[in-house]
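Heads up, target38.cif below (mmCIF, C-alpha atoms (C1' of nucleotides)):
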data_final
#
loop_
_atom_site.group_PDB
_atom_site.id
_atom_site.type_symbol
_atom_site.label_atom_id
_atom_site.label_comp_id
_atom_site.auth_asym_id
_atom_site.auth_seq_id
_atom_site.Cartn_x
_atom_site.Cartn_y
_atom_site.Cartn_z
ATOM 1 C CA MET Z 18 -103.570 81.221 35.645
ATOM 2 C CA PRO Z 19 -101.580 84.129 34.168
ATOM 3 C CA THR Z 20 -102.429 87.604 35.393
ATOM 4 C CA THR Z 21 -102.821 88.930 31.860
ATOM 5 C CA THR Z 22 -106.487 89.313 31.094
ATOM 6 C CA ALA Z 23 -109.296 91.816 31.129
ATOM 7 C CA ALA Z 24 -108.034 94.055 33.915
ATOM 8 C CA GLU Z 25 -104.641 94.501 32.341
ATOM 9 C CA GLN Z 26 -106.004 95.170 28.906
ATOM 10 C CA ARG Z 27 -108.331 97.779 30.323
ATOM 11 C CA ALA Z 28 -105.535 99.555 32.129
ATOM 12 C CA ASP Z 29 -103.514 99.346 28.962
ATOM 13 C CA ALA Z 30 -106.227 100.934 26.881
ATOM 14 C CA LYS Z 31 -106.625 103.720 29.412
ATOM 15 C CA ALA Z 32 -102.911 104.370 29.328
ATOM 16 C CA GLN Z 33 -102.899 104.516 25.556
ATOM 17 C CA TYR Z 34 -105.861 106.822 25.588
ATOM 18 C CA ASN Z 35 -104.126 109.112 28.011
ATOM 19 C CA ALA Z 36 -101.086 108.981 25.809
ATOM 20 C CA TYR Z 37 -103.182 110.171 22.919
ATOM 21 C CA LEU Z 38 -104.626 112.969 24.996
ATOM 22 C CA ALA Z 39 -101.114 113.893 26.026
ATOM 23 C CA ALA Z 40 -100.183 114.082 22.369
ATOM 24 C CA CYS Z 41 -103.187 116.278 21.583
ATOM 25 C CA PRO Z 42 -103.807 118.091 24.871
ATOM 26 C CA SER Z 43 -105.999 120.691 23.311
ATOM 27 C CA GLN Z 44 -108.674 118.045 22.902
ATOM 28 C CA GLN Z 45 -109.540 118.368 26.551
ATOM 29 C CA LEU Z 46 -110.131 122.071 26.340
ATOM 30 C CA LEU Z 47 -111.868 121.534 23.052
ATOM 31 C CA ALA Z 48 -114.233 119.078 24.652
ATOM 32 C CA ARG Z 49 -115.019 121.426 27.520
ATOM 33 C CA VAL Z 50 -115.668 124.264 25.152
ATOM 34 C CA SER Z 51 -117.874 122.246 22.832
ATOM 35 C CA GLY Z 52 -120.613 121.625 25.336
ATOM 36 C CA LYS Z 53 -124.162 122.273 24.268
ATOM 37 C CA TRP Z 54 -124.941 125.132 26.646
ATOM 38 C CA VAL Z 55 -121.461 126.568 26.438
ATOM 39 C CA THR Z 56 -121.961 127.220 22.768
ATOM 40 C CA LEU Z 57 -125.401 128.626 23.302
ATOM 41 C CA VAL Z 58 -124.374 130.953 26.128
ATOM 42 C CA LEU Z 59 -121.339 132.096 24.211
ATOM 43 C CA SER Z 60 -123.560 132.718 21.265
ATOM 44 C CA ALA Z 61 -126.062 134.688 23.272
ATOM 45 C CA LEU Z 62 -123.484 136.873 24.992
ATOM 46 C CA GLY Z 63 -121.547 137.356 21.793
ATOM 47 C CA SER Z 64 -124.394 137.971 19.391
ATOM 48 C CA GLY Z 65 -127.249 139.161 21.523
ATOM 49 C CA PRO Z 66 -130.641 137.524 21.801
ATOM 50 C CA GLU Z 67 -131.303 137.819 18.088
ATOM 51 C CA CYS Z 68 -128.418 135.528 17.299
ATOM 52 C CA ASP Z 69 -126.711 138.078 15.067
ATOM 53 C CA GLY Z 70 -126.215 141.284 17.020
ATOM 54 C CA ASP Z 71 -123.293 142.726 18.939
ATOM 55 C CA PRO Z 72 -121.725 141.439 22.141
ATOM 56 C CA ARG Z 73 -123.246 142.925 25.255
ATOM 57 C CA PRO Z 74 -123.673 142.081 28.923
ATOM 58 C CA MET Z 75 -126.781 140.193 29.876
ATOM 59 C CA ARG Z 76 -128.492 139.424 33.140
ATOM 60 C CA TYR Z 77 -129.018 135.979 34.539
ATOM 61 C CA SER Z 78 -132.736 135.989 34.011
ATOM 62 C CA GLU Z 79 -132.348 137.483 30.567
ATOM 63 C CA LEU Z 80 -130.110 134.609 29.556
ATOM 64 C CA GLY Z 81 -132.618 132.238 31.017
ATOM 65 C CA ARG Z 82 -135.302 133.759 28.849
ATOM 66 C CA VAL Z 83 -133.250 133.779 25.657
ATOM 67 C CA LEU Z 84 -132.060 130.215 26.095
ATOM 68 C CA ALA Z 85 -135.600 129.051 26.658
ATOM 69 C CA GLY Z 86 -135.712 125.590 28.096
ATOM 70 C CA VAL Z 87 -132.514 125.818 30.064
ATOM 71 C CA SER Z 88 -132.854 124.852 33.692
ATOM 72 C CA PRO Z 89 -131.398 127.167 36.338
ATOM 73 C CA LYS Z 90 -128.993 124.397 37.181
ATOM 74 C CA MET Z 91 -127.459 124.139 33.749
ATOM 75 C CA LEU Z 92 -127.342 127.894 33.373
ATOM 76 C CA SER Z 93 -125.509 128.383 36.666
ATOM 77 C CA GLN Z 94 -123.267 125.469 35.959
ATOM 78 C CA THR Z 95 -122.349 126.675 32.505
ATOM 79 C CA LEU Z 96 -121.830 130.264 33.593
ATOM 80 C CA LYS Z 97 -119.681 129.173 36.495
ATOM 81 C CA SER Z 98 -117.459 127.032 34.332
ATOM 82 C CA LEU Z 99 -117.137 129.845 31.824
ATOM 83 C CA GLU Z 100 -116.221 132.234 34.607
ATOM 84 C CA ARG Z 101 -113.726 129.742 35.954
ATOM 85 C CA ASP Z 102 -112.147 129.504 32.528
ATOM 86 C CA GLY Z 103 -111.924 133.268 32.351
ATOM 87 C CA LEU Z 104 -114.271 133.546 29.398
ATOM 88 C CA VAL Z 105 -116.943 135.602 31.118
ATOM 89 C CA VAL Z 106 -116.998 138.021 34.020
ATOM 90 C CA ARG Z 107 -119.728 138.079 36.594
ATOM 91 C CA THR Z 108 -120.738 141.440 38.010
ATOM 92 C CA ALA Z 109 -123.021 141.634 41.004
ATOM 93 C CA THR Z 110 -124.565 144.978 41.873
ATOM 94 C CA ALA Z 111 -125.985 145.308 45.373
ATOM 95 C CA THR Z 112 -129.296 146.827 44.420
ATOM 96 C CA VAL Z 113 -132.318 145.729 46.340
ATOM 97 C CA PRO Z 114 -133.155 142.688 44.417
ATOM 98 C CA VAL Z 115 -129.600 141.786 43.470
ATOM 99 C CA THR Z 116 -128.575 142.545 39.899
ATOM 100 C CA VAL Z 117 -126.079 140.213 38.265
ATOM 101 C CA THR Z 118 -124.749 140.592 34.749
ATOM 102 C CA TYR Z 119 -122.499 138.411 32.681
ATOM 103 C CA GLU Z 120 -120.187 139.670 29.974
ATOM 104 C CA LEU Z 121 -117.587 138.169 27.678
ATOM 105 C CA THR Z 122 -113.954 138.845 28.483
ATOM 106 C CA ASP Z 123 -111.431 139.441 25.720
ATOM 107 C CA LEU Z 124 -110.595 135.775 25.908
ATOM 108 C CA GLY Z 125 -114.258 134.908 25.632
ATOM 109 C CA LEU Z 126 -114.605 137.231 22.680
ATOM 110 C CA SER Z 127 -111.735 135.556 20.873
ATOM 111 C CA LEU Z 128 -113.360 132.175 21.391
ATOM 112 C CA HIS Z 129 -116.661 133.559 20.269
ATOM 113 C CA GLY Z 130 -115.000 134.540 17.025
ATOM 114 C CA THR Z 131 -113.905 130.984 16.437
ATOM 115 C CA VAL Z 132 -117.200 129.497 17.450
ATOM 116 C CA ARG Z 133 -118.846 131.926 15.106
ATOM 117 C CA GLN Z 134 -116.798 130.444 12.286
ATOM 118 C CA LEU Z 135 -118.023 127.006 13.183
ATOM 119 C CA LYS Z 136 -121.546 128.356 13.260
ATOM 120 C CA ARG Z 137 -121.057 129.903 9.856
ATOM 121 C CA TRP Z 138 -119.809 126.579 8.561
ATOM 122 C CA SER Z 139 -122.900 124.919 9.974
ATOM 123 C CA GLU Z 140 -125.156 127.448 8.348
ATOM 124 C CA ALA Z 141 -123.336 127.349 5.033
ATOM 125 C CA HIS Z 142 -123.300 123.578 4.731
ATOM 126 C CA ARG Z 143 -126.541 122.642 6.385
ATOM 127 C CA ASP Z 144 -128.346 121.979 3.132
ATOM 128 C CA GLU Z 145 -125.457 120.002 1.790
ATOM 129 C CA VAL Z 146 -125.349 117.814 4.863
ATOM 130 C CA ALA Z 147 -129.109 117.395 4.840
ATOM 131 C CA ALA Z 148 -128.974 116.323 1.206
ATOM 132 C CA HIS Z 149 -126.303 113.758 1.963
ATOM 133 C CA GLN Z 150 -128.345 112.416 4.851
ATOM 134 C CA ALA Z 151 -131.409 112.090 2.687
ATOM 135 C CA SER Z 152 -129.667 110.194 -0.075
ATOM 136 C CA PHE Z 153 -127.864 108.020 2.453
ATOM 137 C CA ASP Z 154 -131.107 107.155 4.190
ATOM 138 C CA SER Z 155 -132.973 106.432 0.980
ATOM 139 C CA VAL Z 156 -130.460 103.738 0.095
ATOM 140 C CA ARG Z 157 -130.872 101.992 3.426
ATOM 141 C CA MET E 18 -157.414 116.967 39.818
ATOM 142 C CA PRO E 19 -156.432 119.555 37.193
ATOM 143 C CA THR E 20 -154.344 118.324 34.289
ATOM 144 C CA THR E 21 -151.980 121.293 34.556
ATOM 145 C CA THR E 22 -148.826 120.179 36.266
ATOM 146 C CA ALA E 23 -145.468 118.673 35.527
ATOM 147 C CA ALA E 24 -146.331 117.099 32.184
ATOM 148 C CA GLU E 25 -147.648 120.316 30.719
ATOM 149 C CA GLN E 26 -144.771 122.384 31.893
ATOM 150 C CA ARG E 27 -142.370 119.879 30.416
ATOM 151 C CA ALA E 28 -144.106 120.019 27.073
ATOM 152 C CA ASP E 29 -144.061 123.774 27.280
ATOM 153 C CA ALA E 30 -140.347 123.909 27.911
ATOM 154 C CA LYS E 31 -139.741 121.558 25.022
ATOM 155 C CA ALA E 32 -141.775 123.748 22.752
ATOM 156 C CA GLN E 33 -139.869 126.839 23.766
ATOM 157 C CA TYR E 34 -136.608 125.031 23.303
ATOM 158 C CA ASN E 35 -137.664 123.950 19.850
ATOM 159 C CA ALA E 36 -138.603 127.515 19.117
ATOM 160 C CA TYR E 37 -135.117 128.592 20.005
ATOM 161 C CA LEU E 38 -133.616 125.897 17.829
ATOM 162 C CA ALA E 39 -135.836 127.039 15.019
ATOM 163 C CA ALA E 40 -134.431 130.528 15.448
ATOM 164 C CA CYS E 41 -130.842 129.257 15.374
ATOM 165 C CA PRO E 42 -131.044 126.073 13.328
ATOM 166 C CA SER E 43 -127.336 125.743 12.860
ATOM 167 C CA GLN E 44 -127.064 124.842 16.522
ATOM 168 C CA GLN E 45 -128.292 121.369 15.731
ATOM 169 C CA LEU E 46 -125.590 120.717 13.198
ATOM 170 C CA LEU E 47 -123.124 122.417 15.486
ATOM 171 C CA ALA E 48 -124.046 120.075 18.301
ATOM 172 C CA ARG E 49 -123.719 117.000 16.111
ATOM 173 C CA VAL E 50 -120.371 118.116 14.848
ATOM 174 C CA SER E 51 -119.013 118.951 18.285
ATOM 175 C CA GLY E 52 -119.126 115.414 19.619
ATOM 176 C CA LYS E 53 -116.060 114.036 21.320
ATOM 177 C CA TRP E 54 -115.233 111.271 18.863
ATOM 178 C CA VAL E 55 -116.334 113.291 15.882
ATOM 179 C CA THR E 56 -113.622 115.795 16.600
ATOM 180 C CA LEU E 57 -111.064 113.104 17.239
ATOM 181 C CA VAL E 58 -111.871 111.132 14.085
ATOM 182 C CA LEU E 59 -111.918 114.281 12.008
ATOM 183 C CA SER E 60 -108.601 115.200 13.507
ATOM 184 C CA ALA E 61 -107.079 111.822 12.793
ATOM 185 C CA LEU E 62 -108.282 111.673 9.195
ATOM 186 C CA GLY E 63 -107.353 115.281 8.594
ATOM 187 C CA SER E 64 -103.994 115.419 10.291
ATOM 188 C CA GLY E 65 -102.766 111.851 10.338
ATOM 189 C CA PRO E 66 -101.886 109.857 13.426
ATOM 190 C CA GLU E 67 -99.283 112.365 14.528
ATOM 191 C CA CYS E 68 -101.912 115.066 14.928
ATOM 192 C CA ASP E 69 -100.126 117.473 12.593
ATOM 193 C CA GLY E 70 -99.639 115.712 9.258
ATOM 194 C CA ASP E 71 -101.594 115.716 6.007
ATOM 195 C CA PRO E 72 -105.046 114.295 5.367
ATOM 196 C CA ARG E 73 -104.985 110.701 4.209
ATOM 197 C CA PRO E 74 -107.274 107.682 4.145
ATOM 198 C CA MET E 75 -107.073 105.352 7.104
ATOM 199 C CA ARG E 76 -108.309 101.861 7.797
ATOM 200 C CA TYR E 77 -110.821 100.965 10.458
ATOM 201 C CA SER E 78 -108.311 99.170 12.634
ATOM 202 C CA GLU E 79 -105.768 101.920 12.131
ATOM 203 C CA LEU E 80 -108.235 104.464 13.428
ATOM 204 C CA GLY E 81 -108.940 102.151 16.321
ATOM 205 C CA ARG E 82 -105.260 102.077 17.116
ATOM 206 C CA VAL E 83 -104.695 105.808 16.806
ATOM 207 C CA LEU E 84 -107.744 106.689 18.872
ATOM 208 C CA ALA E 85 -106.657 104.253 21.533
ATOM 209 C CA GLY E 86 -109.404 103.641 24.011
ATOM 210 C CA VAL E 87 -112.271 103.969 21.579
ATOM 211 C CA SER E 88 -114.628 101.038 21.617
ATOM 212 C CA PRO E 89 -115.557 99.451 18.291
ATOM 213 C CA LYS E 90 -119.086 100.557 18.978
ATOM 214 C CA MET E 91 -118.280 104.246 19.239
ATOM 215 C CA LEU E 92 -115.938 104.066 16.286
ATOM 216 C CA SER E 93 -118.541 102.466 14.025
ATOM 217 C CA GLN E 94 -121.200 104.786 15.279
ATOM 218 C CA THR E 95 -119.129 107.888 14.731
ATOM 219 C CA LEU E 96 -117.908 106.821 11.315
ATOM 220 C CA LYS E 97 -121.408 105.935 10.222
ATOM 221 C CA SER E 98 -122.796 109.292 11.255
ATOM 222 C CA LEU E 99 -119.943 111.063 9.519
ATOM 223 C CA GLU E 100 -120.585 109.050 6.394
ATOM 224 C CA ARG E 101 -124.276 109.840 6.625
ATOM 225 C CA ASP E 102 -123.455 113.519 6.846
ATOM 226 C CA GLY E 103 -121.261 113.241 3.781
ATOM 227 C CA LEU E 104 -118.089 114.148 5.657
ATOM 228 C CA VAL E 105 -116.272 110.889 5.043
ATOM 229 C CA VAL E 106 -116.417 108.190 2.391
ATOM 230 C CA ARG E 107 -116.202 104.530 3.188
ATOM 231 C CA THR E 108 -114.412 102.321 0.703
ATOM 232 C CA ALA E 109 -114.574 98.548 1.005
ATOM 233 C CA THR E 110 -112.179 96.449 -1.048
ATOM 234 C CA ALA E 111 -113.018 92.765 -1.427
ATOM 235 C CA THR E 112 -109.599 91.406 -0.598
ATOM 236 C CA VAL E 113 -109.389 88.226 1.424
ATOM 237 C CA PRO E 114 -109.672 89.747 4.796
ATOM 238 C CA VAL E 115 -111.855 92.662 3.832
ATOM 239 C CA THR E 116 -110.132 96.014 3.603
ATOM 240 C CA VAL E 117 -112.098 99.126 4.517
ATOM 241 C CA THR E 118 -110.736 102.630 4.406
ATOM 242 C CA TYR E 119 -112.220 105.932 5.456
ATOM 243 C CA GLU E 120 -111.333 109.247 3.907
ATOM 244 C CA LEU E 121 -112.464 112.841 4.268
ATOM 245 C CA THR E 122 -114.644 114.268 1.525
ATOM 246 C CA ASP E 123 -114.232 117.860 0.383
ATOM 247 C CA LEU E 124 -116.991 118.765 2.777
ATOM 248 C CA GLY E 125 -115.203 116.938 5.556
ATOM 249 C CA LEU E 126 -111.987 118.717 4.689
ATOM 250 C CA SER E 127 -113.665 122.102 4.912
ATOM 251 C CA LEU E 128 -114.981 121.232 8.350
ATOM 252 C CA HIS E 129 -111.608 119.956 9.371
ATOM 253 C CA GLY E 130 -110.198 123.359 8.524
ATOM 254 C CA THR E 131 -112.626 125.003 10.898
ATOM 255 C CA VAL E 132 -112.121 122.464 13.632
ATOM 256 C CA ARG E 133 -108.426 122.995 13.228
ATOM 257 C CA GLN E 134 -108.965 126.660 14.049
ATOM 258 C CA LEU E 135 -110.785 125.722 17.195
ATOM 259 C CA LYS E 136 -107.955 123.377 18.052
ATOM 260 C CA ARG E 137 -105.458 126.139 17.489
ATOM 261 C CA TRP E 138 -107.446 128.382 19.759
ATOM 262 C CA SER E 139 -107.408 125.683 22.404
ATOM 263 C CA GLU E 140 -103.681 125.267 22.089
ATOM 264 C CA ALA E 141 -103.006 128.981 22.060
ATOM 265 C CA HIS E 142 -105.102 129.788 25.094
ATOM 266 C CA ARG E 143 -104.679 126.690 27.177
ATOM 267 C CA ASP E 144 -102.223 128.274 29.567
ATOM 268 C CA GLU E 145 -104.347 131.354 29.900
ATOM 269 C CA VAL E 146 -107.408 129.298 30.730
ATOM 270 C CA ALA E 147 -105.452 127.144 33.149
ATOM 271 C CA ALA E 148 -104.154 130.265 34.895
ATOM 272 C CA HIS E 149 -107.669 131.630 35.230
ATOM 273 C CA GLN E 150 -108.871 128.331 36.640
ATOM 274 C CA ALA E 151 -106.053 128.270 39.173
ATOM 275 C CA SER E 152 -106.683 131.764 40.449
ATOM 276 C CA PHE E 153 -110.415 131.167 40.494
ATOM 277 C CA ASP E 154 -109.992 127.984 42.490
ATOM 278 C CA SER E 155 -107.565 129.525 44.953
ATOM 279 C CA VAL E 156 -110.136 132.132 45.920
ATOM 280 C CA ARG E 157 -112.764 129.521 46.663
ATOM 281 C "C1'" DC K 26 -133.672 138.135 41.592
ATOM 282 C "C1'" DG K 27 -129.997 134.935 41.575
ATOM 283 C "C1'" DG K 28 -128.650 131.053 42.745
ATOM 284 C "C1'" DA K 29 -127.516 126.357 45.662
ATOM 285 C "C1'" DA K 30 -129.005 121.623 46.995
ATOM 286 C "C1'" DT K 31 -131.376 117.578 46.115
ATOM 287 C "C1'" DC K 32 -133.345 113.937 43.605
ATOM 288 C "C1'" DC K 33 -134.287 111.676 39.367
ATOM 289 C "C1'" DT K 34 -134.397 110.285 34.313
ATOM 290 C "C1'" DA K 35 -132.478 109.575 29.917
ATOM 291 C "C1'" DA K 36 -128.899 109.538 26.911
ATOM 292 C "C1'" DA K 37 -124.055 108.976 25.874
ATOM 293 C "C1'" DT K 38 -120.414 106.004 26.392
ATOM 294 C "C1'" DG K 39 -117.891 101.785 27.265
ATOM 295 C "C1'" DA K 40 -116.711 96.750 28.018
ATOM 296 C "C1'" DT K 41 -117.468 92.388 26.208
ATOM 297 C "C1'" DA K 42 -118.706 88.714 23.306
ATOM 298 C "C1'" DC K 43 -120.053 87.183 19.036
ATOM 299 C "C1'" DT K 44 -120.698 87.186 13.602
ATOM 300 C "C1'" DG K 45 -119.774 87.664 8.365
ATOM 301 C "C1'" DC Q 19 -110.498 92.519 9.563
ATOM 302 C "C1'" DA Q 20 -114.522 94.946 10.200
ATOM 303 C "C1'" DG Q 21 -117.901 95.249 12.345
ATOM 304 C "C1'" DT Q 22 -122.859 94.144 15.251
ATOM 305 C "C1'" DA Q 23 -125.438 93.076 19.594
ATOM 306 C "C1'" DT Q 24 -125.973 93.267 24.342
ATOM 307 C "C1'" DC Q 25 -125.383 94.765 28.833
ATOM 308 C "C1'" DA Q 26 -123.423 97.821 32.513
ATOM 309 C "C1'" DT Q 27 -122.066 102.320 33.830
ATOM 310 C "C1'" DT Q 28 -121.218 107.003 33.764
ATOM 311 C "C1'" DT Q 29 -122.694 111.394 33.042
ATOM 312 C "C1'" DA Q 30 -125.379 115.159 31.318
ATOM 313 C "C1'" DG Q 31 -129.437 117.202 31.888
ATOM 314 C "C1'" DG Q 32 -133.714 118.575 34.174
ATOM 315 C "C1'" DA Q 33 -137.585 119.181 37.866
ATOM 316 C "C1'" DT Q 34 -138.255 120.747 42.238
ATOM 317 C "C1'" DT Q 35 -137.526 123.110 46.373
ATOM 318 C "C1'" DC Q 36 -135.329 126.255 49.403
ATOM 319 C "C1'" DC Q 37 -131.980 130.102 50.818
ATOM 320 C "C1'" DG Q 38 -129.598 134.919 50.704
#
Give the structure from the file, written as structure tokens.
Amino acid sequence: MPTTTAAEQRADAKAQYNAYLAACPSQQLLARVSGKWVTLVLSALGSGPECDGDPRPMRYSELGRVLAGVSPKMLSQTLKSLERDGLVVRTATATVPVTVTYELTDLGLSLHGTVRQLKRWSEAHRDEVAAHQASFDSVR
Amino acid sequence: MPTTTAAEQRADAKAQYNAYLAACPSQQLLARVSGKWVTLVLSALGSGPECDGDPRPMRYSELGRVLAGVSPKMLSQTLKSLERDGLVVRTATATVPVTVTYELTDLGLSLHGTVRQLKRWSEAHRDEVAAHQASFDSVR
DNA sequence: CGGAATCCTAAATGATACTG
DNA sequence: CAGTATCATTTAGGATTCCG
């Protein structure tokens, strides 16, 4: 029996996939940055709780309140990854109950600008997309 | 036994989350549009296989080749959702083995422009992010 | 208050085989 | 060629509990 079957093909596909990622390396960063909570946190820190204000530092619990429904786990996780990427800074003040605030860095602000564009696109074309969906579904 | 425990709290969280989505409705579209394969397909159709060319129609199998590693399932699924959203058009020609091509619509092109910006951001700041990650990790 | 650790569920994703 | 159907797996996400 030849050794050329499923295992090889799988390895091959992986290799090709990695080759594609190597060709478009930004996809990896893009993927990391496109996460659900990443966008939301970025949005909150960049636009304030009202979704359209100015960037300002926010506390952990405040973020938790604004992004209602987020579990502490996801919030920590997201904030930590953003801090690791240098998009936010964490500031801990040693008051009696500890006070921790998160704020966008310049890098984070620049990304927020881009994300904001994507958000604007979403807002601008939401009706159009919805209309397409409706007509598509009605045919089915 | 009171009926106020896990189930209620879960429902409550859901409700709050929905409330937040209602406040920022574009997040839904944003989330749909930020999917891994969505970005990749959009990229391929918008920039050609080389990742930096011009938009042009591509065949199903060609997309499968370019996005090496994608399963037929994910490819179909992604293409169908994009078609449903009105971002791509599917054209089937009744040749002997069927020929099917996918192409960006104007709407899809406009999104591709925005995604391209995000990609550019990723490319431009990749080193910076990597540096931040490295220094962050070295402290830990 | 701000998180870390643990356990668990559901959804996304993928491999594979089969059909028009 | 262009998919669909099914099953296995990975992973994201979330509830809960405890620590500094």
> For the file shown, what are the residues hit by the PyMOL selection byres ((chain K) within 9 of (chain E)), laid out as a list in words?
Replying inline: DT38, DG39 and DA40 of chain K
Restricted to C-alpha atoms (C1' of nucleotides), what would the selected residues look like written as a compact mmCIF listing (two decimals), keeping the file's coordinate frame?
# COMPACT_ATOMS: atom_id res chain seq x y z
C1' DT K 38 -120.41 106.00 26.39
C1' DG K 39 -117.89 101.78 27.26
C1' DA K 40 -116.71 96.75 28.02
If you count all atoms listed in the file, which residues fall within 10 Å of Ser139 of chain E, apart from same-chain ones fewer than 4 positions away, as a PDB file with C-alpha atoms, in the coordinates of the input?
ATOM      1  CA  PRO Z  42    -103.807 118.091  24.871  1.00  0.00           C
ATOM      2  CA  SER Z  43    -105.999 120.691  23.311  1.00  0.00           C
ATOM      3  CA  GLN Z  44    -108.674 118.045  22.902  1.00  0.00           C
ATOM      4  CA  GLN Z  45    -109.540 118.368  26.551  1.00  0.00           C
ATOM      5  CA  LEU Z  46    -110.131 122.071  26.340  1.00  0.00           C
ATOM      6  CA  LEU Z  47    -111.868 121.534  23.052  1.00  0.00           C
ATOM      7  CA  ALA Z  48    -114.233 119.078  24.652  1.00  0.00           C
ATOM      8  CA  VAL Z  50    -115.668 124.264  25.152  1.00  0.00           C
ATOM      9  CA  LEU Z 128    -113.360 132.175  21.391  1.00  0.00           C
TER      10      LEU Z 128
ATOM     11  CA  ARG E 133    -108.426 122.995  13.228  1.00  0.00           C
ATOM     12  CA  GLN E 134    -108.965 126.660  14.049  1.00  0.00           C
ATOM     13  CA  LEU E 135    -110.785 125.722  17.195  1.00  0.00           C
ATOM     14  CA  ARG E 143    -104.679 126.690  27.177  1.00  0.00           C
ATOM     15  CA  ASP E 144    -102.223 128.274  29.567  1.00  0.00           C
ATOM     16  CA  GLU E 145    -104.347 131.354  29.900  1.00  0.00           C
ATOM     17  CA  VAL E 146    -107.408 129.298  30.730  1.00  0.00           C
TER      18      VAL E 146
END
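Residues in contact with Ser152 of chain Z at up to 10 Å, not including ones fewer than 6 positions away on its chain and judged by all atoms listed in the file, are Arg101, Asp102 and Gly103 of chain E.
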> So which residues get picked by the PyMOL selection byres ((chain Q) within 9 of (chain Z)) here, written as a ChimeraX atom specification?
Replying inline: /Q:31-33
>> Could you check the closest approach to chain E for each of Z:Ser78, Z:Ser155, Z:Gln150, Z:Thr108 and tell me which residue wins, using only C-alpha atoms?
In response: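 Comparing Z:Ser78, Z:Ser155, Z:Gln150, Z:Thr108 against chain E, the winner is Z:Gln150.
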> Looking at only C-alpha atoms, which of Z:Ala85, Z:Pro72, Z:Ser93, Z:Glu120 is the one that sits closest to chain E?
Replying inline: Z:Ala85
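Closest approach to chain Z from the set E:Thr56, E:Thr110, E:Ser64, E:Thr95 is made by E:Thr56, with distances taken over all atoms listed in the file.
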>> Ranking E:Thr116, E:Leu80, E:Ala111, E:Glu100 by minimum distance to chain Z and counting all atoms listed in the file, which one comes first?
In response: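 Going through E:Thr116, E:Leu80, E:Ala111, E:Glu100 one by one, the smallest distance to chain Z is for E:Glu100.
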> Applied to the shown file, which residues does the PyMOL selection byres ((chain K and resi 28) around 10) return, written as a PyMOL selection string?
Replying inline: (chain Z and resi 77+89-90+92-93) or (chain K and resi 26-27+29) or (chain Q and resi 37-38)
>> I'd like the neighbourhood of Leu57 of chain E as a list in words, where a residue qualifies if any of its atoms comes within 10 Å (using only C-alpha atoms (C1' of nucleotides)), though same-chain residues fewer than 2 positions away should be ignored.
In response: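 Near Leu57 of chain E, the qualifying residues are Cys41 and Gln44 of chain Z; Ser51, Gly52, Lys53, Trp54, Val55, Leu59, Ser60, Ala61, Leu62, Gly63, Cys68, Leu80, Val83, Leu84 and Thr95 of chain E.
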> Between atom CA of Arg49 of chain E and atom C1' of DT28 of chain Q, what is the distance, to one decimal in Å?
Replying inline: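 So the two atoms, atom CA of Arg49 of chain E and atom C1' of DT28 of chain Q, lie 20.4 Å apart.
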>> Quick one: residues within 7 Å of Val105 of chain Z, all atoms listed in the file, excluding same-chain residues fewer than 3 positions away - as a VMD selection string?
In response: chain Z and resid 99 to 100 119 to 122 125
>> Using all atoms listed in the file, which protein or nucleic acid residues come within 12 Å of DA23 of chain Q? Drop anything in the same chain fewer than 2 positions from it, and give the result as a list in words.
In response: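 The contact residues come out as Pro89 and Lys90 of chain E; DT41, DA42, DC43 and DT44 of chain K; DG21 and DC25 of chain Q.
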> atom CA of Val117 of chain E and atom C1' of DA20 of chain Q, how far apart in Å?
Replying inline: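 Distance between the two atoms: 7.5 Å.
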